[in-house]
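Colleague: One structure is given below, represented as structure tokens, and several questions about it will come after.
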Amino acid sequence: MLKQSELKELKKGDKVEHYLLTRRSELRTTRSGSDYLSLELGDKSTSLNANVWEKFEEIANTTNIGDVVRVNGLIEEFQGTLQIKVLSIKKTTPADNVSPSDFLPKSSRDPNEMVSEFEARIEKLNNVNLKDLVKKIFAGGRLTKFSTAPAGKSWHHAYIHGLIEHTLEIIKICDLVCDFHPELNRDLLICGAMLHDIGKINELSYDSSFDYTDEGKLVGHIVMAATLVKEEMKNIPDFPQELEINLIHLILSHQGKLEHASPVVPKTAEAIALYQADELSAKVNAYKNALASELKSDSNWTKFISLAQTDLYKSNNSPDPGEKINKSLFD
């Protein structure tokens, strides 16, 4: 891949001579009736808005989300936010020798290290039925998909290897909670942490961009995970019914609220622990990545983050989140 500076390193007035991934492409019309092409272009480090005002018809008709384009332009500022002023833009060809996967963000944690950590935690399960279940579910190449997939499209752990990183964070939080509250069923809770997002391996596509599959949109990862787990339970003779019900409840309730797409709300101590651990991992990751990528120019504040329903503040006393924006909470 061509060596080029990261978008997040560019400042107002800098030249853009980059290959970039198309993450959004929309034809729009101004209030005065002028048409233009509105794009979101990015690399591994961040994305910026870009508007094309002239001769954009060809690129609009031939370029899809997930395509790589060659951009020449300048970094400019609009309402405190950096964007790209496009001077020329062209869709790449095989001769450019670039791939969409080159531009997808990746976890800064070593994926092989995370897989080893995950497998070691499976071995620590004491409940024979749960250990057998987890091993069956992650056999046959499923662990490879699980360790590659992002955990989300854009909000938290939205990068390659993000799903296993997110899951390991939750496992560690749940282990700590069980140290404080030994009456919790540790094996049940940890197994719920391992399996709660397993449906995301089929909910999300991530070959050239992060998006939802048809199955992901129509069914959703919670139902997909519960269905998968119940099917695998059938392959374990005499799997205890109460254990089955409690584990399925952890999966179905892990997003905490009906309005957050959980079919049921948490109704056991283990379920509320899993929900809060999931929230902690997701929110901290999302907020620190927003602080790294969405700060306004010459300001300690981000733009308004719609999913957070607020703007965010970066303290001058805090470490720079841009240095290690994908590191695990526990590294």
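Letters A, B, ... go to the chains of the structure tokens in the order shown; residues in each chain start at 1; ligands are counted from 1 in the same order.
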Fewer than 4 positions away in the same chain doesn't count, so skip those; otherwise give me all residues within 10 Å of range 166-172 of chain A, counting only C-alpha atoms, as a PyMOL selection string.
Modeller: chain A and resi 114-115+117-118+121+146-147+150-151+156-158+161-162+176-178+189-198+273-282+285+328-331
Colleague: For Glu9 in chain A, work out the shell of residues within 12 Å, counting only C-alpha atoms and skipping chain neighbours fewer than 2 positions away, then give it as a list in words.
Modeller: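 Listed by chain and then number, they are Gln4, Ser5, Glu6, Leu7, Lys11, Lys12, Asp14, Lys15, Val16, Asp43, Lys44, Ser45, Thr46, Ser47, Ile75, Leu82, Ala292, Ser293, Gly322 and Glu323 of chain A.
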Colleague: Would you give me, as a ChimeraX atom specification, the residues in range 56-90 of chain A that DSSP reads as strand (DSSP E or B)?
Modeller: /A:68-78,81-90
Colleague: Apply DSSP to the structure's backbone, then extract all residues of range 111-325 of chain A labelled alpha helix (DSSP H) and return them as an mmCIF file with N, CA and C atoms, in the first residue's frame.
Modeller:
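Heads up, here's the output in result38.cif:
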data_model
loop_
_atom_site.group_PDB
_atom_site.id
_atom_site.type_symbol
_atom_site.label_atom_id
_atom_site.label_comp_id
_atom_site.auth_asym_id
_atom_site.auth_seq_id
_atom_site.Cartn_x
_atom_site.Cartn_y
_atom_site.Cartn_z
ATOM 1 N N PRO A 111 -3.946 -9.528 17.591
ATOM 2 C CA PRO A 111 -5.073 -10.464 17.538
ATOM 3 C C PRO A 111 -4.721 -11.863 18.032
ATOM 4 N N ASN A 112 -3.512 -12.332 17.753
ATOM 5 C CA ASN A 112 -3.119 -13.661 18.229
ATOM 6 C C ASN A 112 -3.036 -13.700 19.750
ATOM 7 N N GLU A 113 -2.574 -12.607 20.323
ATOM 8 C CA GLU A 113 -2.518 -12.505 21.779
ATOM 9 C C GLU A 113 -3.916 -12.550 22.371
ATOM 10 N N MET A 114 -4.872 -11.869 21.727
ATOM 11 C CA MET A 114 -6.240 -11.858 22.237
ATOM 12 C C MET A 114 -6.889 -13.228 22.114
ATOM 13 N N VAL A 115 -6.627 -13.941 21.012
ATOM 14 C CA VAL A 115 -7.181 -15.283 20.858
ATOM 15 C C VAL A 115 -6.628 -16.207 21.948
ATOM 16 N N SER A 116 -5.349 -16.113 22.219
ATOM 17 C CA SER A 116 -4.740 -16.943 23.268
ATOM 18 C C SER A 116 -5.346 -16.621 24.630
ATOM 19 N N GLU A 117 -5.564 -15.353 24.896
ATOM 20 C CA GLU A 117 -6.179 -14.941 26.161
ATOM 21 C C GLU A 117 -7.599 -15.481 26.270
ATOM 22 N N PHE A 118 -8.339 -15.426 25.176
ATOM 23 C CA PHE A 118 -9.714 -15.913 25.166
ATOM 24 C C PHE A 118 -9.754 -17.424 25.390
ATOM 25 N N GLU A 119 -8.900 -18.157 24.695
ATOM 26 C CA GLU A 119 -8.875 -19.616 24.846
ATOM 27 C C GLU A 119 -8.455 -20.012 26.261
ATOM 28 N N ALA A 120 -7.523 -19.268 26.844
ATOM 29 C CA ALA A 120 -7.096 -19.568 28.207
ATOM 30 C C ALA A 120 -8.231 -19.358 29.199
ATOM 31 N N ARG A 121 -9.072 -18.336 28.937
ATOM 32 C CA ARG A 121 -10.195 -18.082 29.861
ATOM 33 C C ARG A 121 -11.265 -19.158 29.734
ATOM 34 N N ILE A 122 -11.436 -19.723 28.528
ATOM 35 C CA ILE A 122 -12.362 -20.847 28.371
ATOM 36 C C ILE A 122 -11.912 -22.019 29.242
ATOM 37 N N GLU A 123 -10.617 -22.271 29.255
ATOM 38 C CA GLU A 123 -10.095 -23.402 30.027
ATOM 39 C C GLU A 123 -10.302 -23.220 31.526
ATOM 40 N N VAL A 128 -18.694 -28.077 33.597
ATOM 41 C CA VAL A 128 -18.402 -28.935 32.451
ATOM 42 C C VAL A 128 -19.334 -28.634 31.282
ATOM 43 N N ASN A 129 -20.619 -28.422 31.573
ATOM 44 C CA ASN A 129 -21.585 -28.160 30.510
ATOM 45 C C ASN A 129 -21.294 -26.847 29.793
ATOM 46 N N LEU A 130 -20.971 -25.821 30.562
ATOM 47 C CA LEU A 130 -20.690 -24.515 29.953
ATOM 48 C C LEU A 130 -19.393 -24.541 29.157
ATOM 49 N N LYS A 131 -18.370 -25.207 29.685
ATOM 50 C CA LYS A 131 -17.105 -25.295 28.947
ATOM 51 C C LYS A 131 -17.296 -26.056 27.643
ATOM 52 N N ASP A 132 -18.046 -27.146 27.700
ATOM 53 C CA ASP A 132 -18.311 -27.928 26.489
ATOM 54 C C ASP A 132 -19.082 -27.097 25.474
ATOM 55 N N LEU A 133 -20.064 -26.344 25.946
ATOM 56 C CA LEU A 133 -20.874 -25.499 25.068
ATOM 57 C C LEU A 133 -20.020 -24.442 24.366
ATOM 58 N N VAL A 134 -19.212 -23.740 25.134
ATOM 59 C CA VAL A 134 -18.392 -22.673 24.562
ATOM 60 C C VAL A 134 -17.397 -23.240 23.551
ATOM 61 N N LYS A 135 -16.793 -24.372 23.854
ATOM 62 C CA LYS A 135 -15.839 -24.977 22.925
ATOM 63 C C LYS A 135 -16.513 -25.382 21.624
ATOM 64 N N LYS A 136 -17.734 -25.917 21.725
ATOM 65 C CA LYS A 136 -18.464 -26.304 20.512
ATOM 66 C C LYS A 136 -18.802 -25.077 19.669
ATOM 67 N N ILE A 137 -19.213 -24.001 20.320
ATOM 68 C CA ILE A 137 -19.623 -22.797 19.593
ATOM 69 C C ILE A 137 -18.449 -22.152 18.872
ATOM 70 N N ARG A 142 -15.239 -20.666 13.690
ATOM 71 C CA ARG A 142 -16.037 -19.565 14.213
ATOM 72 C C ARG A 142 -15.194 -18.617 15.068
ATOM 73 N N LEU A 143 -14.183 -19.156 15.758
ATOM 74 C CA LEU A 143 -13.318 -18.289 16.561
ATOM 75 C C LEU A 143 -12.540 -17.334 15.661
ATOM 76 N N THR A 144 -12.161 -17.790 14.459
ATOM 77 C CA THR A 144 -11.449 -16.908 13.524
ATOM 78 C C THR A 144 -12.336 -15.736 13.124
ATOM 79 N N LYS A 145 -13.595 -16.006 12.799
ATOM 80 C CA LYS A 145 -14.520 -14.928 12.461
ATOM 81 C C LYS A 145 -14.742 -14.002 13.656
ATOM 82 N N PHE A 146 -14.894 -14.612 14.834
ATOM 83 C CA PHE A 146 -15.131 -13.846 16.057
ATOM 84 C C PHE A 146 -13.949 -12.928 16.365
ATOM 85 N N SER A 147 -12.738 -13.393 16.113
ATOM 86 C CA SER A 147 -11.548 -12.600 16.442
ATOM 87 C C SER A 147 -11.217 -11.586 15.355
ATOM 88 N N THR A 148 -11.916 -11.630 14.231
ATOM 89 C CA THR A 148 -11.693 -10.679 13.141
ATOM 90 C C THR A 148 -12.735 -9.573 13.122
ATOM 91 N N GLY A 162 -12.251 -5.786 16.839
ATOM 92 C CA GLY A 162 -12.902 -5.075 17.931
ATOM 93 C C GLY A 162 -13.812 -5.951 18.769
ATOM 94 N N LEU A 163 -14.428 -6.971 18.161
ATOM 95 C CA LEU A 163 -15.379 -7.808 18.900
ATOM 96 C C LEU A 163 -14.698 -8.618 19.985
ATOM 97 N N ILE A 164 -13.575 -9.236 19.668
ATOM 98 C CA ILE A 164 -12.884 -10.019 20.697
ATOM 99 C C ILE A 164 -12.269 -9.095 21.747
ATOM 100 N N GLU A 165 -11.801 -7.912 21.350
ATOM 101 C CA GLU A 165 -11.263 -6.962 22.326
ATOM 102 C C GLU A 165 -12.351 -6.537 23.312
ATOM 103 N N HIS A 166 -13.515 -6.189 22.784
ATOM 104 C CA HIS A 166 -14.668 -5.802 23.608
ATOM 105 C C HIS A 166 -15.062 -6.942 24.551
ATOM 106 N N THR A 167 -15.100 -8.155 24.037
ATOM 107 C CA THR A 167 -15.504 -9.303 24.845
ATOM 108 C C THR A 167 -14.514 -9.567 25.970
ATOM 109 N N LEU A 168 -13.221 -9.460 25.680
ATOM 110 C CA LEU A 168 -12.219 -9.674 26.721
ATOM 111 C C LEU A 168 -12.324 -8.621 27.817
ATOM 112 N N GLU A 169 -12.634 -7.383 27.442
ATOM 113 C CA GLU A 169 -12.830 -6.342 28.451
ATOM 114 C C GLU A 169 -13.990 -6.702 29.374
ATOM 115 N N ILE A 170 -15.084 -7.158 28.785
ATOM 116 C CA ILE A 170 -16.261 -7.508 29.580
ATOM 117 C C ILE A 170 -15.960 -8.694 30.497
ATOM 118 N N ILE A 171 -15.247 -9.686 29.989
ATOM 119 C CA ILE A 171 -14.875 -10.837 30.811
ATOM 120 C C ILE A 171 -14.099 -10.388 32.043
ATOM 121 N N LYS A 172 -13.152 -9.472 31.841
ATOM 122 C CA LYS A 172 -12.339 -8.998 32.963
ATOM 123 C C LYS A 172 -13.170 -8.203 33.959
ATOM 124 N N ILE A 173 -14.088 -7.390 33.458
ATOM 125 C CA ILE A 173 -14.966 -6.642 34.356
ATOM 126 C C ILE A 173 -15.841 -7.597 35.157
ATOM 127 N N CYS A 174 -16.389 -8.606 34.491
ATOM 128 C CA CYS A 174 -17.260 -9.576 35.166
ATOM 129 C C CYS A 174 -16.484 -10.395 36.192
ATOM 130 N N ASP A 175 -15.259 -10.765 35.867
ATOM 131 C CA ASP A 175 -14.427 -11.468 36.845
ATOM 132 C C ASP A 175 -14.222 -10.616 38.095
ATOM 133 N N LEU A 176 -13.974 -9.321 37.890
ATOM 134 C CA LEU A 176 -13.772 -8.415 39.020
ATOM 135 C C LEU A 176 -15.035 -8.282 39.850
ATOM 136 N N VAL A 177 -16.179 -8.178 39.178
ATOM 137 C CA VAL A 177 -17.453 -8.080 39.893
ATOM 138 C C VAL A 177 -17.673 -9.325 40.759
ATOM 139 N N CYS A 178 -17.316 -10.490 40.230
ATOM 140 C CA CYS A 178 -17.477 -11.725 41.006
ATOM 141 C C CYS A 178 -16.539 -11.782 42.204
ATOM 142 N N ASP A 179 -15.383 -11.120 42.099
ATOM 143 C CA ASP A 179 -14.500 -11.027 43.266
ATOM 144 C C ASP A 179 -15.165 -10.213 44.376
ATOM 145 N N PHE A 180 -15.877 -9.158 43.993
ATOM 146 C CA PHE A 180 -16.603 -8.348 44.969
ATOM 147 C C PHE A 180 -17.855 -9.055 45.485
ATOM 148 N N ARG A 186 -20.045 -17.297 38.786
ATOM 149 C CA ARG A 186 -18.970 -16.785 37.953
ATOM 150 C C ARG A 186 -18.950 -17.452 36.570
ATOM 151 N N ASP A 187 -19.037 -18.776 36.541
ATOM 152 C CA ASP A 187 -18.979 -19.465 35.255
ATOM 153 C C ASP A 187 -20.134 -19.059 34.348
ATOM 154 N N LEU A 188 -21.323 -18.946 34.903
ATOM 155 C CA LEU A 188 -22.483 -18.523 34.118
ATOM 156 C C LEU A 188 -22.271 -17.120 33.564
ATOM 157 N N LEU A 189 -21.816 -16.202 34.404
ATOM 158 C CA LEU A 189 -21.615 -14.816 33.982
ATOM 159 C C LEU A 189 -20.522 -14.710 32.923
ATOM 160 N N ILE A 190 -19.410 -15.408 33.124
ATOM 161 C CA ILE A 190 -18.320 -15.348 32.150
ATOM 162 C C ILE A 190 -18.746 -15.984 30.837
ATOM 163 N N CYS A 191 -19.488 -17.069 30.902
ATOM 164 C CA CYS A 191 -19.983 -17.700 29.674
ATOM 165 C C CYS A 191 -20.932 -16.757 28.945
ATOM 166 N N GLY A 192 -21.785 -16.046 29.691
ATOM 167 C CA GLY A 192 -22.655 -15.049 29.070
ATOM 168 C C GLY A 192 -21.866 -13.939 28.409
ATOM 169 N N ALA A 193 -20.773 -13.527 29.051
ATOM 170 C CA ALA A 193 -19.913 -12.495 28.456
ATOM 171 C C ALA A 193 -19.291 -12.991 27.156
ATOM 172 N N MET A 194 -18.868 -14.236 27.139
ATOM 173 C CA MET A 194 -18.237 -14.795 25.939
ATOM 174 C C MET A 194 -19.208 -14.901 24.767
ATOM 175 N N LEU A 195 -20.489 -15.161 25.059
ATOM 176 C CA LEU A 195 -21.446 -15.499 24.012
ATOM 177 C C LEU A 195 -22.443 -14.394 23.680
ATOM 178 N N LYS A 200 -22.899 -11.150 16.277
ATOM 179 C CA LYS A 200 -22.337 -10.070 15.465
ATOM 180 C C LYS A 200 -21.430 -10.575 14.346
ATOM 181 N N ILE A 201 -20.954 -11.815 14.437
ATOM 182 C CA ILE A 201 -20.110 -12.324 13.368
ATOM 183 C C ILE A 201 -20.892 -12.463 12.071
ATOM 184 N N ASN A 202 -22.219 -12.566 12.184
ATOM 185 C CA ASN A 202 -23.070 -12.623 10.997
ATOM 186 C C ASN A 202 -23.947 -11.390 10.842
ATOM 187 N N GLU A 203 -24.030 -10.564 11.875
ATOM 188 C CA GLU A 203 -24.826 -9.341 11.788
ATOM 189 C C GLU A 203 -24.114 -8.276 10.972
ATOM 190 N N ASP A 214 -28.061 -8.353 5.539
ATOM 191 C CA ASP A 214 -29.522 -8.465 5.483
ATOM 192 C C ASP A 214 -30.047 -9.194 6.719
ATOM 193 N N GLU A 215 -29.381 -10.286 7.103
ATOM 194 C CA GLU A 215 -29.787 -11.027 8.290
ATOM 195 C C GLU A 215 -29.637 -10.165 9.542
ATOM 196 N N GLY A 216 -28.571 -9.374 9.565
ATOM 197 C CA GLY A 216 -28.367 -8.494 10.710
ATOM 198 C C GLY A 216 -29.482 -7.486 10.871
ATOM 199 N N LYS A 217 -29.938 -6.924 9.755
ATOM 200 C CA LYS A 217 -31.024 -5.940 9.811
ATOM 201 C C LYS A 217 -32.369 -6.587 10.143
ATOM 202 N N LEU A 218 -32.602 -7.769 9.597
ATOM 203 C CA LEU A 218 -33.914 -8.404 9.744
ATOM 204 C C LEU A 218 -34.070 -9.164 11.059
ATOM 205 N N HIS A 221 -28.396 -9.205 16.186
ATOM 206 C CA HIS A 221 -27.406 -10.098 16.784
ATOM 207 C C HIS A 221 -27.881 -10.766 18.067
ATOM 208 N N ILE A 222 -28.818 -10.162 18.792
ATOM 209 C CA ILE A 222 -29.275 -10.764 20.044
ATOM 210 C C ILE A 222 -30.040 -12.044 19.772
ATOM 211 N N VAL A 223 -31.005 -11.976 18.874
ATOM 212 C CA VAL A 223 -31.782 -13.169 18.521
ATOM 213 C C VAL A 223 -30.890 -14.197 17.828
ATOM 214 N N MET A 224 -29.995 -13.732 16.971
ATOM 215 C CA MET A 224 -29.077 -14.644 16.282
ATOM 216 C C MET A 224 -28.211 -15.403 17.288
ATOM 217 N N ALA A 225 -27.722 -14.701 18.315
ATOM 218 C CA ALA A 225 -26.886 -15.350 19.329
ATOM 219 C C ALA A 225 -27.691 -16.359 20.140
ATOM 220 N N ALA A 226 -28.880 -15.976 20.588
ATOM 221 C CA ALA A 226 -29.710 -16.883 21.387
ATOM 222 C C ALA A 226 -30.064 -18.136 20.598
ATOM 223 N N THR A 227 -30.380 -17.973 19.311
ATOM 224 C CA THR A 227 -30.721 -19.114 18.464
ATOM 225 C C THR A 227 -29.538 -20.054 18.304
ATOM 226 N N LEU A 228 -28.359 -19.475 18.044
ATOM 227 C CA LEU A 228 -27.162 -20.285 17.884
ATOM 228 C C LEU A 228 -26.849 -21.074 19.153
ATOM 229 N N VAL A 229 -26.914 -20.415 20.295
ATOM 230 C CA VAL A 229 -26.583 -21.066 21.563
ATOM 231 C C VAL A 229 -27.575 -22.186 21.867
ATOM 232 N N LYS A 230 -28.855 -21.949 21.657
ATOM 233 C CA LYS A 230 -29.859 -22.987 21.916
ATOM 234 C C LYS A 230 -29.647 -24.201 21.010
ATOM 235 N N GLU A 231 -29.270 -23.970 19.758
ATOM 236 C CA GLU A 231 -29.024 -25.078 18.839
ATOM 237 C C GLU A 231 -27.829 -25.907 19.295
ATOM 238 N N GLU A 232 -26.775 -25.251 19.768
ATOM 239 C CA GLU A 232 -25.596 -25.982 20.229
ATOM 240 C C GLU A 232 -25.876 -26.723 21.532
ATOM 241 N N MET A 233 -26.753 -26.184 22.359
ATOM 242 C CA MET A 233 -27.117 -26.877 23.598
ATOM 243 C C MET A 233 -27.730 -28.242 23.314
ATOM 244 N N GLN A 241 -31.711 -27.682 32.328
ATOM 245 C CA GLN A 241 -32.693 -26.719 31.830
ATOM 246 C C GLN A 241 -32.549 -25.360 32.508
ATOM 247 N N GLU A 242 -32.334 -25.347 33.834
ATOM 248 C CA GLU A 242 -32.213 -24.061 34.533
ATOM 249 C C GLU A 242 -30.976 -23.300 34.055
ATOM 250 N N LEU A 243 -29.888 -24.013 33.813
ATOM 251 C CA LEU A 243 -28.677 -23.373 33.302
ATOM 252 C C LEU A 243 -28.935 -22.804 31.908
ATOM 253 N N GLU A 244 -29.675 -23.569 31.078
ATOM 254 C CA GLU A 244 -30.024 -23.100 29.739
ATOM 255 C C GLU A 244 -30.839 -21.817 29.800
ATOM 256 N N ILE A 245 -31.850 -21.801 30.630
ATOM 257 C CA ILE A 245 -32.723 -20.618 30.717
ATOM 258 C C ILE A 245 -31.948 -19.405 31.203
ATOM 259 N N ASN A 246 -31.091 -19.595 32.199
ATOM 260 C CA ASN A 246 -30.340 -18.464 32.743
ATOM 261 C C ASN A 246 -29.323 -17.915 31.751
ATOM 262 N N LEU A 247 -28.675 -18.794 30.986
ATOM 263 C CA LEU A 247 -27.706 -18.321 29.998
ATOM 264 C C LEU A 247 -28.407 -17.598 28.856
ATOM 265 N N ILE A 248 -29.513 -18.149 28.371
ATOM 266 C CA ILE A 248 -30.258 -17.480 27.309
ATOM 267 C C ILE A 248 -30.763 -16.127 27.800
ATOM 268 N N HIS A 249 -31.174 -16.050 29.067
ATOM 269 C CA HIS A 249 -31.612 -14.758 29.613
ATOM 270 C C HIS A 249 -30.482 -13.728 29.588
ATOM 271 N N LEU A 250 -29.264 -14.151 29.900
ATOM 272 C CA LEU A 250 -28.122 -13.226 29.851
ATOM 273 C C LEU A 250 -27.958 -12.654 28.449
ATOM 274 N N ILE A 251 -28.080 -13.501 27.441
ATOM 275 C CA ILE A 251 -27.918 -13.046 26.058
ATOM 276 C C ILE A 251 -29.040 -12.097 25.671
ATOM 277 N N LEU A 252 -30.280 -12.468 25.991
ATOM 278 C CA LEU A 252 -31.435 -11.677 25.568
ATOM 279 C C LEU A 252 -31.530 -10.328 26.279
ATOM 280 N N ALA A 269 -29.171 -11.343 39.014
ATOM 281 C CA ALA A 269 -27.981 -10.573 39.402
ATOM 282 C C ALA A 269 -26.903 -10.686 38.333
ATOM 283 N N GLU A 270 -26.742 -11.876 37.757
ATOM 284 C CA GLU A 270 -25.741 -12.058 36.706
ATOM 285 C C GLU A 270 -26.095 -11.224 35.473
ATOM 286 N N ALA A 271 -27.378 -11.122 35.153
ATOM 287 C CA ALA A 271 -27.804 -10.373 33.969
ATOM 288 C C ALA A 271 -27.526 -8.879 34.137
ATOM 289 N N ILE A 272 -27.798 -8.329 35.322
ATOM 290 C CA ILE A 272 -27.540 -6.898 35.516
ATOM 291 C C ILE A 272 -26.037 -6.639 35.517
ATOM 292 N N ALA A 273 -25.245 -7.591 36.026
ATOM 293 C CA ALA A 273 -23.786 -7.432 35.998
ATOM 294 C C ALA A 273 -23.275 -7.429 34.557
ATOM 295 N N LEU A 274 -23.799 -8.319 33.725
ATOM 296 C CA LEU A 274 -23.363 -8.375 32.332
ATOM 297 C C LEU A 274 -23.759 -7.104 31.592
ATOM 298 N N TYR A 275 -24.971 -6.637 31.803
ATOM 299 C CA TYR A 275 -25.428 -5.402 31.147
ATOM 300 C C TYR A 275 -24.531 -4.227 31.503
ATOM 301 N N GLN A 276 -24.215 -4.062 32.778
ATOM 302 C CA GLN A 276 -23.394 -2.927 33.197
ATOM 303 C C GLN A 276 -21.947 -3.073 32.702
ATOM 304 N N ALA A 277 -21.433 -4.290 32.667
ATOM 305 C CA ALA A 277 -20.084 -4.503 32.144
ATOM 306 C C ALA A 277 -20.029 -4.169 30.656
ATOM 307 N N ASP A 278 -21.054 -4.571 29.920
ATOM 308 C CA ASP A 278 -21.143 -4.254 28.494
ATOM 309 C C ASP A 278 -21.208 -2.752 28.284
ATOM 310 N N GLU A 279 -22.024 -2.071 29.081
ATOM 311 C CA GLU A 279 -22.142 -0.622 28.978
ATOM 312 C C GLU A 279 -20.809 0.068 29.263
ATOM 313 N N LEU A 280 -20.116 -0.374 30.307
ATOM 314 C CA LEU A 280 -18.848 0.263 30.673
ATOM 315 C C LEU A 280 -17.823 0.114 29.557
ATOM 316 N N SER A 281 -17.663 -1.089 29.051
ATOM 317 C CA SER A 281 -16.699 -1.315 27.978
ATOM 318 C C SER A 281 -17.046 -0.490 26.742
ATOM 319 N N ALA A 282 -18.324 -0.535 26.345
ATOM 320 C CA ALA A 282 -18.742 0.144 25.119
ATOM 321 C C ALA A 282 -18.631 1.657 25.243
ATOM 322 N N LYS A 283 -19.137 2.221 26.334
ATOM 323 C CA LYS A 283 -19.181 3.677 26.463
ATOM 324 C C LYS A 283 -17.785 4.277 26.589
ATOM 325 N N VAL A 284 -16.923 3.678 27.392
ATOM 326 C CA VAL A 284 -15.579 4.243 27.552
ATOM 327 C C VAL A 284 -14.834 4.196 26.222
ATOM 328 N N ASN A 285 -14.949 3.083 25.508
ATOM 329 C CA ASN A 285 -14.280 2.977 24.215
ATOM 330 C C ASN A 285 -14.822 4.002 23.230
ATOM 331 N N ALA A 286 -16.145 4.131 23.181
ATOM 332 C CA ALA A 286 -16.753 5.076 22.238
ATOM 333 C C ALA A 286 -16.366 6.511 22.561
ATOM 334 N N TYR A 287 -16.372 6.869 23.838
ATOM 335 C CA TYR A 287 -16.072 8.244 24.219
ATOM 336 C C TYR A 287 -14.610 8.579 23.967
ATOM 337 N N LYS A 288 -13.702 7.663 24.276
ATOM 338 C CA LYS A 288 -12.280 7.990 24.077
ATOM 339 C C LYS A 288 -11.947 8.061 22.588
ATOM 340 N N ASN A 289 -12.607 7.258 21.761
ATOM 341 C CA ASN A 289 -12.377 7.360 20.323
ATOM 342 C C ASN A 289 -12.965 8.641 19.763
ATOM 343 N N ALA A 290 -14.103 9.076 20.300
ATOM 344 C CA ALA A 290 -14.676 10.350 19.878
ATOM 345 C C ALA A 290 -13.744 11.505 20.249
ATOM 346 N N LEU A 291 -13.155 11.444 21.434
ATOM 347 C CA LEU A 291 -12.217 12.486 21.848
ATOM 348 C C LEU A 291 -10.982 12.510 20.952
ATOM 349 N N ALA A 292 -10.593 11.331 20.440
ATOM 350 C CA ALA A 292 -9.412 11.263 19.588
ATOM 351 C C ALA A 292 -9.682 11.752 18.179
ATOM 352 N N SER A 293 -10.922 11.621 17.708
ATOM 353 C CA SER A 293 -11.178 11.894 16.294
ATOM 354 C C SER A 293 -12.106 13.071 16.033
#
Colleague: Need the shell around His18 in chain A: protein/DNA/RNA residues with any atom at most 12 Å away, counting only C-alpha atoms. Skip same-chain ones fewer than 6 positions apart. Format as a compact mmCIF listing (two decimals) with N, CA and C atoms, in the first residue's frame?
Modeller:
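Heads up, here's the output in around.txt:
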# COMPACT_ATOMS: atom_id res chain seq x y z
N MET A 1 0.83 -1.20 0.00
CA MET A 1 0.00 0.00 0.00
C MET A 1 0.87 1.26 0.00
N LEU A 2 0.41 2.28 -0.69
CA LEU A 2 1.13 3.55 -0.77
C LEU A 2 1.30 4.16 0.61
N LYS A 3 2.51 4.64 0.90
CA LYS A 3 2.76 5.33 2.16
C LYS A 3 2.19 6.74 2.07
N GLN A 4 1.37 7.09 3.04
CA GLN A 4 0.79 8.44 3.05
C GLN A 4 0.51 8.82 4.50
N SER A 5 0.49 10.12 4.77
CA SER A 5 0.22 10.58 6.12
C SER A 5 -1.22 10.27 6.50
N GLU A 6 -1.45 10.06 7.79
CA GLU A 6 -2.80 9.76 8.25
C GLU A 6 -3.64 11.03 8.25
N LEU A 7 -4.93 10.87 7.99
CA LEU A 7 -5.83 12.02 7.94
C LEU A 7 -5.83 12.78 9.27
N LEU A 10 -3.40 15.69 9.64
CA LEU A 10 -3.47 16.87 8.78
C LEU A 10 -4.15 18.03 9.49
N LEU A 41 -14.97 10.50 3.58
CA LEU A 41 -13.78 9.78 3.14
C LEU A 41 -12.87 9.53 4.33
N GLY A 42 -12.26 8.36 4.37
CA GLY A 42 -11.45 8.06 5.54
C GLY A 42 -10.32 7.10 5.28
N ASP A 43 -9.46 7.00 6.29
CA ASP A 43 -8.41 5.99 6.33
C ASP A 43 -8.53 5.28 7.67
N VAL A 68 -12.32 2.62 -3.01
CA VAL A 68 -11.19 3.50 -2.73
C VAL A 68 -11.09 4.53 -3.86
N VAL A 69 -10.87 5.78 -3.48
CA VAL A 69 -10.72 6.86 -4.46
C VAL A 69 -9.39 7.58 -4.23
N ARG A 70 -8.88 8.18 -5.31
CA ARG A 70 -7.68 9.01 -5.23
C ARG A 70 -8.13 10.46 -5.16
N VAL A 71 -7.74 11.17 -4.10
CA VAL A 71 -8.24 12.51 -3.84
C VAL A 71 -7.09 13.51 -3.83
N ASN A 72 -7.29 14.60 -4.50
CA ASN A 72 -6.40 15.76 -4.38
C ASN A 72 -7.24 16.93 -3.87
N GLY A 73 -6.72 17.61 -2.87
CA GLY A 73 -7.49 18.72 -2.32
C GLY A 73 -6.76 19.39 -1.19
N LEU A 74 -7.52 20.08 -0.36
CA LEU A 74 -6.98 20.83 0.78
C LEU A 74 -7.84 20.57 2.01
N ILE A 75 -7.21 20.65 3.18
CA ILE A 75 -7.95 20.59 4.43
C ILE A 75 -8.44 22.01 4.74
N ILE A 84 -12.53 18.14 3.85
CA ILE A 84 -11.68 18.13 2.66
C ILE A 84 -12.33 18.96 1.56
N VAL A 86 -12.31 19.22 -2.09
CA VAL A 86 -11.88 18.35 -3.17
C VAL A 86 -11.57 19.16 -4.42
N SER A 88 -9.78 17.39 -7.08
CA SER A 88 -10.00 16.33 -8.06
C SER A 88 -10.19 15.03 -7.31
N ILE A 89 -10.96 14.13 -7.92
CA ILE A 89 -11.24 12.84 -7.29
C ILE A 89 -11.45 11.81 -8.38
N LYS A 90 -10.89 10.62 -8.17
CA LYS A 90 -10.96 9.59 -9.19
C LYS A 90 -11.03 8.23 -8.52
N LYS A 91 -11.89 7.37 -9.05
CA LYS A 91 -11.97 6.01 -8.55
C LYS A 91 -10.72 5.25 -8.96
N THR A 92 -10.22 4.41 -8.05
CA THR A 92 -9.00 3.67 -8.32
C THR A 92 -9.27 2.48 -9.25
N ASP A 96 -3.65 0.71 -9.30
CA ASP A 96 -3.28 1.49 -8.12
C ASP A 96 -2.76 0.61 -6.99
N VAL A 98 -4.24 -0.90 -4.45
CA VAL A 98 -4.75 -0.62 -3.11
C VAL A 98 -6.01 -1.44 -2.90
N PHE A 103 -7.68 0.27 4.44
CA PHE A 103 -8.15 1.51 5.04
C PHE A 103 -9.09 1.27 6.22
